[in-house]
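Below is the file my_file.csv, which contains CSV, C-alpha atoms.
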chain,number,residue,atom,x,y,z
A,1,MET,CA,-133.6,185.0,162.2
A,2,ILE,CA,-130.7,186.0,164.5
A,3,LYS,CA,-132.4,189.3,165.6
A,4,ASN,CA,-135.0,190.0,168.2
A,5,LYS,CA,-138.3,191.5,167.2
A,6,ILE,CA,-138.8,194.3,169.7
A,7,LYS,CA,-141.6,196.7,170.4
A,8,PRO,CA,-142.4,198.8,167.3
A,9,ILE,CA,-141.3,202.3,168.2
A,10,ALA,CA,-139.9,204.8,165.8
A,11,TYR,CA,-136.3,204.5,166.8
A,12,LEU,CA,-134.1,207.0,165.0
A,13,PHE,CA,-130.8,208.0,166.6
A,14,PRO,CA,-129.8,210.7,167.1
A,15,LEU,CA,-132.2,213.5,166.4
A,16,PRO,CA,-131.6,217.2,166.0
A,17,VAL,CA,-132.8,219.7,168.6
A,18,ALA,CA,-134.4,222.9,167.5
A,19,LEU,CA,-136.3,225.6,169.4
A,20,ILE,CA,-139.4,226.4,167.5
A,21,GLY,CA,-140.6,229.9,167.9
A,22,ALA,CA,-144.1,231.3,167.5
A,23,ASN,CA,-146.1,234.3,168.7
A,24,ILE,CA,-149.3,233.7,170.6
A,25,GLU,CA,-151.4,236.6,171.6
A,26,GLY,CA,-148.5,238.8,170.6
A,27,LYS,CA,-146.0,237.1,172.9
A,28,PRO,CA,-143.1,235.0,171.8
A,29,ASN,CA,-143.1,231.3,172.9
A,30,PHE,CA,-140.5,228.6,172.3
A,31,GLU,CA,-140.7,224.8,172.3
A,32,PRO,CA,-137.7,222.4,171.8
A,33,VAL,CA,-138.5,219.8,169.2
A,34,ALA,CA,-136.6,216.8,168.0
A,35,TYR,CA,-139.2,215.8,165.4
A,36,VAL,CA,-137.7,218.3,162.9
A,37,SER,CA,-136.3,217.6,159.5
A,38,ILE,CA,-135.3,219.0,156.1
A,39,VAL,CA,-137.7,217.9,153.4
A,40,GLU,CA,-136.5,219.9,150.4
A,41,TYR,CA,-133.7,222.1,149.3
A,42,LYS,CA,-135.2,223.9,146.3
A,43,PRO,CA,-137.0,225.8,147.8
A,44,PRO,CA,-135.5,225.1,151.3
A,45,LEU,CA,-138.2,223.4,153.4
A,46,ILE,CA,-138.2,222.3,157.0
A,47,SER,CA,-140.8,220.0,158.6
A,48,VAL,CA,-141.7,220.3,162.3
A,49,ALA,CA,-144.0,217.8,164.1
A,50,SER,CA,-145.5,219.2,167.2
A,51,TYR,CA,-148.3,217.6,169.3
A,52,GLU,CA,-151.7,219.2,168.6
A,53,SER,CA,-152.3,220.2,172.2
A,54,HIS,CA,-149.0,222.2,172.4
A,55,TYR,CA,-149.2,225.9,172.9
A,56,THR,CA,-146.8,226.6,170.0
A,57,ASN,CA,-149.2,225.1,167.5
A,58,ILE,CA,-151.8,227.8,168.2
A,59,GLY,CA,-149.3,230.5,167.2
A,60,ILE,CA,-148.1,228.7,164.1
A,61,LYS,CA,-151.6,228.2,162.8
A,62,GLU,CA,-152.7,231.7,163.7
A,63,ASN,CA,-149.8,233.5,162.0
A,64,GLY,CA,-148.7,231.0,159.4
A,65,VAL,CA,-145.0,231.6,160.4
A,66,PHE,CA,-142.5,230.1,162.8
A,67,SER,CA,-138.8,230.1,163.5
A,68,VAL,CA,-136.3,227.3,163.9
A,69,ASN,CA,-133.5,228.2,166.3
A,70,THR,CA,-130.4,225.9,166.7
A,71,PRO,CA,-129.4,225.9,170.4
A,72,SER,CA,-125.9,225.9,171.7
A,73,GLU,CA,-124.7,224.3,175.0
A,74,GLU,CA,-124.6,227.9,176.4
A,75,ILE,CA,-128.4,228.0,176.4
A,76,ILE,CA,-129.1,224.3,177.1
A,77,GLU,CA,-130.9,225.1,180.4
A,78,GLY,CA,-133.2,227.6,178.8
A,79,THR,CA,-133.8,225.2,175.9
A,80,ASP,CA,-134.8,222.3,178.1
A,81,TYR,CA,-136.8,224.6,180.4
A,82,CYS,CA,-139.0,225.5,177.4
A,83,GLY,CA,-139.7,221.8,177.1
A,84,ILE,CA,-140.7,221.3,180.7
A,85,VAL,CA,-143.2,224.1,181.1
A,86,SER,CA,-146.0,225.0,178.7
A,87,GLY,CA,-146.7,228.5,177.4
A,88,LYS,CA,-150.3,227.9,178.6
A,89,GLU,CA,-149.2,228.2,182.2
A,90,VAL,CA,-145.9,230.1,182.0
A,91,ASP,CA,-144.8,233.1,180.1
A,92,LYS,CA,-141.6,232.1,178.2
A,93,SER,CA,-141.2,235.4,176.4
A,94,GLU,CA,-138.3,236.4,178.7
A,95,VAL,CA,-136.2,233.2,178.6
A,96,PHE,CA,-134.3,234.5,175.6
A,97,GLU,CA,-133.6,237.8,173.9
A,98,VAL,CA,-135.9,237.9,170.9
A,99,PHE,CA,-135.6,239.6,167.5
A,100,TYR,CA,-137.8,239.6,164.4
A,101,GLY,CA,-137.1,239.5,160.7
A,102,GLU,CA,-139.0,240.1,157.5
A,103,LEU,CA,-142.0,238.0,158.5
A,104,LYS,CA,-142.5,240.3,161.5
A,105,ASN,CA,-144.3,237.6,163.6
A,106,ALA,CA,-141.8,234.7,163.8
A,107,PRO,CA,-139.8,235.4,167.1
A,108,MET,CA,-136.1,234.4,166.8
A,109,ILE,CA,-133.6,233.9,169.6
A,110,SER,CA,-130.6,236.2,169.7
A,111,GLU,CA,-128.5,233.8,171.8
A,112,ALA,CA,-129.1,230.9,169.3
A,113,PRO,CA,-126.3,230.5,166.8
A,114,LEU,CA,-128.6,229.9,163.9
A,115,ASN,CA,-132.1,231.3,163.2
A,116,LEU,CA,-134.4,230.2,160.4
A,117,GLU,CA,-137.4,232.3,159.6
A,118,CYS,CA,-140.1,230.1,158.1
A,119,LYS,CA,-143.4,230.6,156.3
A,120,VAL,CA,-145.9,227.7,156.6
A,121,ILE,CA,-146.7,226.2,153.2
A,122,LYS,CA,-148.6,223.1,154.4
A,123,THR,CA,-150.1,221.8,157.6
A,124,ILE,CA,-151.0,218.1,158.0
A,125,ALA,CA,-152.9,216.7,161.0
A,126,ILE,CA,-151.3,213.3,161.4
A,127,LYS,CA,-154.5,211.9,162.9
A,128,ASP,CA,-156.2,212.4,159.5
A,129,LEU,CA,-153.7,209.9,158.1
A,130,THR,CA,-153.8,207.4,160.9
A,131,GLY,CA,-157.4,207.6,162.2
A,132,ALA,CA,-156.1,208.1,165.7
A,133,GLU,CA,-158.1,210.4,168.0
A,134,LYS,CA,-155.2,212.8,168.7
A,135,GLY,CA,-151.7,213.3,167.2
A,136,HIS,CA,-149.0,215.6,166.0
A,137,GLU,CA,-149.4,218.4,163.5
A,138,LEU,CA,-146.8,218.4,160.8
A,139,PHE,CA,-145.9,221.9,159.7
A,140,ILE,CA,-143.9,222.3,156.5
A,141,GLY,CA,-142.3,225.7,156.3
A,142,GLU,CA,-140.2,227.5,153.7
A,143,VAL,CA,-137.0,229.0,155.0
A,144,VAL,CA,-137.2,232.6,153.9
A,145,ASN,CA,-134.3,234.0,155.9
A,146,VAL,CA,-131.4,232.7,157.9
A,147,PHE,CA,-129.5,234.7,160.5
A,148,ALA,CA,-126.2,234.0,162.1
A,149,LYS,CA,-123.3,235.9,163.8
A,150,ASP,CA,-119.9,236.0,162.1
A,151,GLU,CA,-118.4,233.8,164.8
A,152,TYR,CA,-120.5,230.8,163.7
A,153,LEU,CA,-119.6,231.1,160.0
A,154,THR,CA,-116.7,229.8,157.9
A,155,GLU,CA,-116.6,231.5,154.5
A,156,GLY,CA,-120.2,232.7,155.0
A,157,THR,CA,-121.6,229.3,155.8
A,158,PRO,CA,-122.6,228.0,159.3
A,159,ASP,CA,-119.9,225.7,160.7
A,160,ILE,CA,-121.0,223.0,163.1
A,161,SER,CA,-117.6,222.9,164.7
A,162,LYS,CA,-118.1,226.5,165.8
A,163,ILE,CA,-121.7,226.2,166.9
A,164,ASN,CA,-121.4,223.9,170.0
A,165,THR,CA,-124.8,222.5,169.5
A,166,PHE,CA,-126.0,219.1,170.7
A,167,THR,CA,-128.2,216.2,169.6
A,168,TYR,CA,-131.0,214.2,171.2
A,169,ALA,CA,-131.5,210.5,171.9
A,170,MET,CA,-132.9,208.4,174.7
A,171,LYS,CA,-134.2,211.4,176.7
A,172,LYS,CA,-130.6,212.8,176.8
A,173,TYR,CA,-128.7,215.5,175.0
A,174,TRP,CA,-125.3,214.5,173.5
A,175,LYS,CA,-122.3,216.4,172.2
A,176,ILE,CA,-121.4,216.2,168.5
A,177,GLY,CA,-118.3,214.0,168.5
A,178,GLU,CA,-115.3,214.0,166.2
A,179,GLU,CA,-115.5,213.8,162.5
A,180,VAL,CA,-115.6,210.1,161.3
A,181,ALA,CA,-115.4,210.5,157.5
A,182,LYS,CA,-116.4,212.6,154.5
A,183,ALA,CA,-119.7,211.7,152.9
A,184,TRP,CA,-119.6,210.7,149.2
A,185,GLU,CA,-115.8,209.9,149.9
A,186,ILE,CA,-115.4,207.1,152.4
A,187,GLY,CA,-117.7,205.0,150.3
A,188,LYS,CA,-115.1,205.0,147.6
A,189,ASN,CA,-113.1,202.6,149.8
A,190,TYR,CA,-115.9,200.1,149.5
A,191,MET,CA,-115.6,200.3,145.7
A,192,LYS,CA,-111.9,199.3,145.9
A,193,ILE,CA,-112.7,196.1,147.7
B,1,MET,CA,-129.5,243.8,164.3
B,2,ILE,CA,-126.2,242.2,165.3
B,3,LYS,CA,-126.7,239.2,163.1
B,4,ASN,CA,-125.9,238.6,159.5
B,5,LYS,CA,-128.6,237.6,157.1
B,6,ILE,CA,-127.1,234.7,155.1
B,7,LYS,CA,-128.3,232.7,152.2
B,8,PRO,CA,-131.7,231.0,153.0
B,9,ILE,CA,-130.8,227.3,153.2
B,10,ALA,CA,-132.5,224.7,155.5
B,11,TYR,CA,-129.7,224.5,158.0
B,12,LEU,CA,-130.4,221.9,160.7
B,13,PHE,CA,-127.4,220.4,162.5
B,14,PRO,CA,-126.9,217.5,162.9
B,15,LEU,CA,-129.1,215.1,161.0
B,16,PRO,CA,-129.6,211.4,161.5
B,17,VAL,CA,-128.4,208.9,158.8
B,18,ALA,CA,-130.6,206.0,157.9
B,19,LEU,CA,-130.3,203.5,155.1
B,20,ILE,CA,-133.7,203.3,153.4
B,21,GLY,CA,-134.3,199.9,151.9
B,22,ALA,CA,-136.8,199.0,149.1
B,23,ASN,CA,-137.1,196.2,146.6
B,24,ILE,CA,-137.1,197.2,142.9
B,25,GLU,CA,-137.8,194.5,140.3
B,26,GLY,CA,-137.4,191.9,143.1
B,27,LYS,CA,-133.9,193.1,144.1
B,28,PRO,CA,-133.1,195.0,147.4
B,29,ASN,CA,-131.7,198.5,147.0
B,30,PHE,CA,-130.4,200.8,149.7
B,31,GLU,CA,-130.0,204.6,149.9
B,32,PRO,CA,-128.5,206.6,152.8
B,33,VAL,CA,-130.9,209.5,153.7
B,34,ALA,CA,-130.4,212.4,156.2
B,35,TYR,CA,-133.9,213.9,155.5
B,36,VAL,CA,-135.5,211.4,157.8
B,37,SER,CA,-137.5,212.1,161.0
B,38,ILE,CA,-140.1,210.9,163.4
B,39,VAL,CA,-143.5,212.5,163.0
B,40,GLU,CA,-145.7,210.5,165.4
B,41,TYR,CA,-145.4,208.0,168.2
B,42,LYS,CA,-149.0,206.7,168.4
B,43,PRO,CA,-148.9,205.0,166.0
B,44,PRO,CA,-145.1,205.2,165.4
B,45,LEU,CA,-144.5,207.0,162.1
B,46,ILE,CA,-141.3,207.9,160.3
B,47,SER,CA,-141.0,210.4,157.4
B,48,VAL,CA,-138.4,210.0,154.7
B,49,ALA,CA,-137.8,212.6,152.0
B,50,SER,CA,-136.1,211.2,148.9
B,51,TYR,CA,-135.6,213.0,145.6
B,52,GLU,CA,-138.1,212.0,143.0
B,53,SER,CA,-135.5,210.7,140.5
B,54,HIS,CA,-133.9,208.3,143.0
B,55,TYR,CA,-134.1,204.6,142.3
B,56,THR,CA,-135.4,203.8,145.8
B,57,ASN,CA,-138.5,205.8,145.2
B,58,ILE,CA,-139.7,203.4,142.5
B,59,GLY,CA,-139.6,200.5,144.9
B,60,ILE,CA,-141.3,202.4,147.7
B,61,LYS,CA,-144.2,203.4,145.5
B,62,GLU,CA,-144.5,200.0,143.8
B,63,ASN,CA,-144.6,198.0,147.1
B,64,GLY,CA,-145.9,200.5,149.6
B,65,VAL,CA,-143.3,199.4,152.1
B,66,PHE,CA,-139.7,200.4,153.0
B,67,SER,CA,-137.2,199.8,155.7
B,68,VAL,CA,-135.2,202.2,157.9
B,69,ASN,CA,-131.8,200.8,158.9
B,70,THR,CA,-129.5,202.5,161.4
B,71,PRO,CA,-125.9,202.2,160.3
B,72,SER,CA,-123.0,201.7,162.6
B,73,GLU,CA,-119.4,202.8,161.9
B,74,GLU,CA,-118.6,199.2,161.0
B,75,ILE,CA,-120.6,199.6,157.8
B,76,ILE,CA,-119.9,203.2,157.1
B,77,GLU,CA,-118.1,202.4,153.9
B,78,GLY,CA,-121.0,200.4,152.5
B,79,THR,CA,-123.5,203.0,153.7
B,80,ASP,CA,-121.7,205.9,152.0
B,81,TYR,CA,-121.1,203.7,148.9
B,82,CYS,CA,-124.9,203.4,148.5
B,83,GLY,CA,-125.1,207.2,148.4
B,84,ILE,CA,-122.4,207.4,145.7
B,85,VAL,CA,-123.8,205.0,143.1
B,86,SER,CA,-127.4,204.7,141.9
B,87,GLY,CA,-129.4,201.4,141.8
B,88,LYS,CA,-130.2,202.4,138.2
B,89,GLU,CA,-126.6,201.6,137.2
B,90,VAL,CA,-125.2,199.4,139.9
B,91,ASP,CA,-126.7,196.4,141.6
B,92,LYS,CA,-126.5,197.1,145.4
B,93,SER,CA,-128.2,193.9,146.5
B,94,GLU,CA,-124.9,192.3,147.7
B,95,VAL,CA,-123.5,195.2,149.7
B,96,PHE,CA,-125.2,194.0,152.8
B,97,GLU,CA,-126.8,190.7,154.0
B,98,VAL,CA,-130.5,191.1,153.6
B,99,PHE,CA,-133.4,189.7,155.6
B,100,TYR,CA,-137.1,190.2,155.4
B,101,GLY,CA,-139.9,190.4,158.0
B,102,GLU,CA,-143.7,190.3,158.0
B,103,LEU,CA,-144.1,192.8,155.1
B,104,LYS,CA,-142.1,190.4,152.9
B,105,ASN,CA,-141.0,193.1,150.5
B,106,ALA,CA,-139.1,195.6,152.7
B,107,PRO,CA,-135.4,194.5,152.6
B,108,MET,CA,-133.5,195.0,155.9
B,109,ILE,CA,-129.8,194.9,156.6
B,110,SER,CA,-128.5,192.2,158.9
B,111,GLU,CA,-125.3,194.2,159.7
B,112,ALA,CA,-127.3,197.3,160.8
B,113,PRO,CA,-127.9,197.5,164.6
B,114,LEU,CA,-131.6,198.6,164.2
B,115,ASN,CA,-134.1,197.7,161.5
B,116,LEU,CA,-137.5,199.3,161.2
B,117,GLU,CA,-140.0,197.7,158.8
B,118,CYS,CA,-142.4,200.3,157.6
B,119,LYS,CA,-145.7,200.5,155.6
B,120,VAL,CA,-146.4,203.7,153.7
B,121,ILE,CA,-149.5,205.5,154.8
B,122,LYS,CA,-149.0,208.7,152.8
B,123,THR,CA,-146.9,209.9,150.0
B,124,ILE,CA,-146.5,213.7,149.3
B,125,ALA,CA,-144.9,215.1,146.2
B,126,ILE,CA,-143.2,218.2,147.6
B,127,LYS,CA,-143.4,219.9,144.2
B,128,ASP,CA,-147.2,219.9,144.5
B,129,LEU,CA,-146.7,222.1,147.6
B,130,THR,CA,-144.1,224.5,146.1
B,131,GLY,CA,-144.9,224.7,142.4
B,132,ALA,CA,-141.4,223.6,141.6
B,133,GLU,CA,-140.8,221.5,138.5
B,134,LYS,CA,-139.0,218.7,140.5
B,135,GLY,CA,-138.5,217.8,144.1
B,136,HIS,CA,-138.5,215.3,146.9
B,137,GLU,CA,-141.1,212.8,147.7
B,138,LEU,CA,-142.1,212.6,151.3
B,139,PHE,CA,-143.0,209.1,152.4
B,140,ILE,CA,-144.7,208.7,155.8
B,141,GLY,CA,-144.5,205.1,157.0
B,142,GLU,CA,-145.8,203.3,160.0
B,143,VAL,CA,-143.3,201.3,161.9
B,144,VAL,CA,-144.8,197.8,162.0
B,145,ASN,CA,-141.8,195.9,163.3
B,146,VAL,CA,-138.4,196.7,164.8
B,147,PHE,CA,-135.5,194.2,164.9
B,148,ALA,CA,-132.3,194.4,166.9
B,149,LYS,CA,-129.7,192.0,168.3
B,150,ASP,CA,-129.3,191.6,172.0
B,151,GLU,CA,-125.9,193.3,172.0
B,152,TYR,CA,-127.6,196.6,171.1
B,153,LEU,CA,-130.2,196.5,173.8
B,154,THR,CA,-130.4,197.5,177.4
B,155,GLU,CA,-133.4,196.1,179.2
B,156,GLY,CA,-135.0,195.3,175.8
B,157,THR,CA,-134.6,198.8,174.4
B,158,PRO,CA,-132.1,200.0,171.8
B,159,ASP,CA,-129.2,201.8,173.5
B,160,ILE,CA,-127.3,204.5,171.5
B,161,SER,CA,-124.2,204.0,173.6
B,162,LYS,CA,-124.0,200.4,172.2
B,163,ILE,CA,-124.9,201.1,168.6
B,164,ASN,CA,-121.8,203.1,167.5
B,165,THR,CA,-123.8,205.0,164.9
B,166,PHE,CA,-123.0,208.5,163.5
B,167,THR,CA,-124.7,211.7,162.5
B,168,TYR,CA,-124.5,213.9,159.4
B,169,ALA,CA,-123.6,217.6,159.0
B,170,MET,CA,-121.7,219.6,156.4
B,171,LYS,CA,-121.1,216.7,154.0
B,172,LYS,CA,-119.4,214.8,156.8
B,173,TYR,CA,-120.2,212.0,159.3
B,174,TRP,CA,-119.6,212.7,163.0
B,175,LYS,CA,-119.5,210.5,166.1
B,176,ILE,CA,-122.0,210.8,168.8
B,177,GLY,CA,-120.1,212.5,171.6
B,178,GLU,CA,-120.5,212.3,175.3
B,179,GLU,CA,-123.7,212.9,177.2
B,180,VAL,CA,-124.3,216.6,178.0
B,181,ALA,CA,-127.4,216.4,180.1
B,182,LYS,CA,-130.7,214.7,180.7
B,183,ALA,CA,-133.7,216.2,178.9
B,184,TRP,CA,-136.6,217.4,181.0
B,185,GLU,CA,-134.0,217.7,183.9
B,186,ILE,CA,-131.3,220.2,183.1
B,187,GLY,CA,-134.0,222.8,182.5
B,188,LYS,CA,-134.9,222.6,186.1
B,189,ASN,CA,-131.7,224.6,186.8
B,190,TYR,CA,-133.1,227.4,184.8
B,191,MET,CA,-136.2,227.5,187.0
B,192,LYS,CA,-133.9,228.0,190.1
B,193,ILE,CA,-132.3,231.1,188.7

Mind turning the file's structure into structure tokens?
Amino acid sequence: MIKNKIKPIAYLFPLPVALIGANIEGKPNFEPVAYVSIVEYKPPLISVASYESHYTNIGIKENGVFSVNTPSEEIIEGTDYCGIVSGKEVDKSEVFEVFYGELKNAPMISEAPLNLECKVIKTIAIKDLTGAEKGHELFIGEVVNVFAKDEYLTEGTPDISKINTFTYAMKKYWKIGEEVAKAWEIGKNYMKI
Amino acid sequence: MIKNKIKPIAYLFPLPVALIGANIEGKPNFEPVAYVSIVEYKPPLISVASYESHYTNIGIKENGVFSVNTPSEEIIEGTDYCGIVSGKEVDKSEVFEVFYGELKNAPMISEAPLNLECKVIKTIAIKDLTGAEKGHELFIGEVVNVFAKDEYLTEGTPDISKINTFTYAMKKYWKIGEEVAKAWEIGKNYMKI
């Protein structure tokens, strides 16, 4: 074995950053989360893992809805701020301009390039799977609406090269770099070998 | 409302790319997946959503183990190739050099900078949540071992700046760009406003 066995940690580089929005006691609250993923496309489903003690979880469980907002560099300070302070102690309802969609109770961020309005279809307490005393709650939500300004779209579809978003790894945020290759294309070179 | 309502798709930019490894009929098979996430850190858990008809799923369900391999640009052609052809038709066991760890049956890629050996603790058929006829299977696996070469580590921990990995969005692979800011730091500027 030429490799080192290192401490078993869930290393996955890099992770997306999304601001998860929920209303708690009628007030919008936002939490930046990197443990966020797509789990289905028909219907479109997003999974969000948020630690059980987080303030956001209260709102998601109360209302059964949440939002997923893609930040841009323009709002990186407010995004990170929402991860430093808890809604338990600080009112974060004024950090961003908020709007609502069809679900009425899933606060979305006007300044964020992309807003996904989601309805919870399943909640899993991870501690029930592991036997741990505490843990994350995994919310699986159906994307019922998506909102974006024209300036972020190309032919009606969100365009990452216009969004100026960032990614997360090693307690840092990183720019999206240049395009390396097309998926389902570059692999054809391997076949030619 | 100043935003457009666009087609409800699970937009999340950018996504990680991981090569999921599983043995099927005693042969290693690999599938590049972007629907991969962290869902817990204590114990460390990874979630992988793979469409139910995929060949990899057979092996994961049979053996209850899988691997998560972080690709580098050096193996981007082989990585993408594994997403173009199915193990049902093509033997992918020779695309990479394979090694095994403690779980014996989770094939890992020598050329990949990081290898996570995972044991399935929960499998969820997404169609059971949505009522759809078909769908992804969500595998939640505990990371039992992590392997990496010295050259990818800084003080014993994987270093994204040494790994030369890439990220996925809009059917393309993208480089990780420069560092924008430190998380739980840049937000302090917001507090000063």

Do you have the atom CA of Pro32 of chain A-atom CA of Ile38 of chain B distance handy?
14.4 Å

Here is a test: counting all atoms listed in the file, which residue of B:Cys82, B:Val39, B:Ala181, B:Ile24 is nearest to Thr56 of chain B?
B:Ile24

Of the listed residues A:Ala49, A:Ile160, A:Leu116, A:Leu103, that which approaches Glu137 of chain A most closely, counting only C-alpha atoms:
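Closest to Glu137 of chain A of all the choices is A:Ala49.
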
Which is closest to Glu179 of chain A among B:Tyr51, B:Pro14, B:Asp128, B:Pro107, if we use only C-alpha atoms?
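With only C-alpha atoms as the atom set, the closest residue is B:Pro14.
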
So that I can check the surroundings of segment 8-13 of chain A, please list as a count of residues only every protein, DNA and RNA residue that reaches within 10 Å of it, counting only C-alpha atoms and ignoring chain neighbours fewer than 5 positions away.
44

Please provide the set of residues having any atom within 8 Å of Leu129 of chain A, restricted to all atoms listed in the file, with same-chain residues fewer than 2 positions apart removed, written as a count of residues only.
6

Could I see segment 3-10 of chain B restored to all heavy atoms, set down as a PDB file, in the coordinates of the input?
ATOM      1  N   LYS B   3    -126.892 240.390 163.858  1.00  0.00           N
ATOM      2  CA  LYS B   3    -126.700 239.200 163.100  1.00  0.00           C
ATOM      3  C   LYS B   3    -126.606 239.410 161.611  1.00  0.00           C
ATOM      4  O   LYS B   3    -127.225 240.338 161.109  1.00  0.00           O
ATOM      5  CB  LYS B   3    -127.762 238.141 163.408  1.00  0.00           C
ATOM      6  CG  LYS B   3    -127.768 237.680 164.859  1.00  0.00           C
ATOM      7  CD  LYS B   3    -128.412 236.322 165.008  1.00  0.00           C
ATOM      8  CE  LYS B   3    -128.272 235.817 166.433  1.00  0.00           C
ATOM      9  NZ  LYS B   3    -128.647 234.427 166.567  1.00  0.00           N
ATOM     10  N   ASN B   4    -125.894 238.527 160.909  1.00  0.00           N
ATOM     11  CA  ASN B   4    -125.900 238.600 159.500  1.00  0.00           C
ATOM     12  C   ASN B   4    -127.042 237.819 158.880  1.00  0.00           C
ATOM     13  O   ASN B   4    -127.380 236.742 159.365  1.00  0.00           O
ATOM     14  CB  ASN B   4    -124.603 237.901 158.914  1.00  0.00           C
ATOM     15  CG  ASN B   4    -123.353 238.499 159.479  1.00  0.00           C
ATOM     16  OD1 ASN B   4    -123.142 239.704 159.378  1.00  0.00           O
ATOM     17  ND2 ASN B   4    -122.519 237.674 160.098  1.00  0.00           N
ATOM     18  N   LYS B   5    -127.604 238.365 157.847  1.00  0.00           N
ATOM     19  CA  LYS B   5    -128.600 237.600 157.100  1.00  0.00           C
ATOM     20  C   LYS B   5    -127.790 236.845 156.035  1.00  0.00           C
ATOM     21  O   LYS B   5    -127.072 237.443 155.229  1.00  0.00           O
ATOM     22  CB  LYS B   5    -129.540 238.626 156.410  1.00  0.00           C
ATOM     23  CG  LYS B   5    -130.845 238.006 155.937  1.00  0.00           C
ATOM     24  CD  LYS B   5    -131.547 238.919 154.971  1.00  0.00           C
ATOM     25  CE  LYS B   5    -132.702 239.668 155.564  1.00  0.00           C
ATOM     26  NZ  LYS B   5    -133.572 240.312 154.562  1.00  0.00           N
ATOM     27  N   ILE B   6    -127.880 235.519 156.088  1.00  0.00           N
ATOM     28  CA  ILE B   6    -127.100 234.700 155.100  1.00  0.00           C
ATOM     29  C   ILE B   6    -128.083 234.023 154.160  1.00  0.00           C
ATOM     30  O   ILE B   6    -129.296 234.117 154.312  1.00  0.00           O
ATOM     31  CB  ILE B   6    -126.179 233.712 155.819  1.00  0.00           C
ATOM     32  CG1 ILE B   6    -126.972 232.750 156.713  1.00  0.00           C
ATOM     33  CG2 ILE B   6    -125.120 234.451 156.627  1.00  0.00           C
ATOM     34  CD1 ILE B   6    -126.157 231.621 157.285  1.00  0.00           C
ATOM     35  N   LYS B   7    -127.523 233.335 153.198  1.00  0.00           N
ATOM     36  CA  LYS B   7    -128.300 232.700 152.200  1.00  0.00           C
ATOM     37  C   LYS B   7    -129.373 231.739 152.795  1.00  0.00           C
ATOM     38  O   LYS B   7    -129.026 230.932 153.661  1.00  0.00           O
ATOM     39  CB  LYS B   7    -127.409 231.878 151.238  1.00  0.00           C
ATOM     40  CG  LYS B   7    -128.034 231.575 149.901  1.00  0.00           C
ATOM     41  CD  LYS B   7    -127.068 230.825 148.985  1.00  0.00           C
ATOM     42  CE  LYS B   7    -127.833 230.264 147.806  1.00  0.00           C
ATOM     43  NZ  LYS B   7    -127.049 229.283 147.043  1.00  0.00           N
ATOM     44  N   PRO B   8    -130.659 231.838 152.382  1.00  0.00           N
ATOM     45  CA  PRO B   8    -131.700 231.000 153.000  1.00  0.00           C
ATOM     46  C   PRO B   8    -131.575 229.523 152.553  1.00  0.00           C
ATOM     47  O   PRO B   8    -132.008 229.142 151.475  1.00  0.00           O
ATOM     48  CB  PRO B   8    -133.005 231.610 152.529  1.00  0.00           C
ATOM     49  CG  PRO B   8    -132.663 232.386 151.304  1.00  0.00           C
ATOM     50  CD  PRO B   8    -131.234 232.797 151.429  1.00  0.00           C
ATOM     51  N   ILE B   9    -130.965 228.741 153.420  1.00  0.00           N
ATOM     52  CA  ILE B   9    -130.800 227.300 153.200  1.00  0.00           C
ATOM     53  C   ILE B   9    -131.363 226.641 154.469  1.00  0.00           C
ATOM     54  O   ILE B   9    -131.328 227.234 155.553  1.00  0.00           O
ATOM     55  CB  ILE B   9    -129.295 226.970 153.003  1.00  0.00           C
ATOM     56  CG1 ILE B   9    -128.867 227.436 151.601  1.00  0.00           C
ATOM     57  CG2 ILE B   9    -129.000 225.489 153.213  1.00  0.00           C
ATOM     58  CD1 ILE B   9    -127.395 227.292 151.307  1.00  0.00           C
ATOM     59  N   ALA B  10    -131.903 225.441 154.309  1.00  0.00           N
ATOM     60  CA  ALA B  10    -132.500 224.700 155.500  1.00  0.00           C
ATOM     61  C   ALA B  10    -131.378 224.144 156.324  1.00  0.00           C
ATOM     62  O   ALA B  10    -131.076 222.963 156.221  1.00  0.00           O
ATOM     63  CB  ALA B  10    -133.472 223.678 154.989  1.00  0.00           C
TER      64      ALA B  10
END
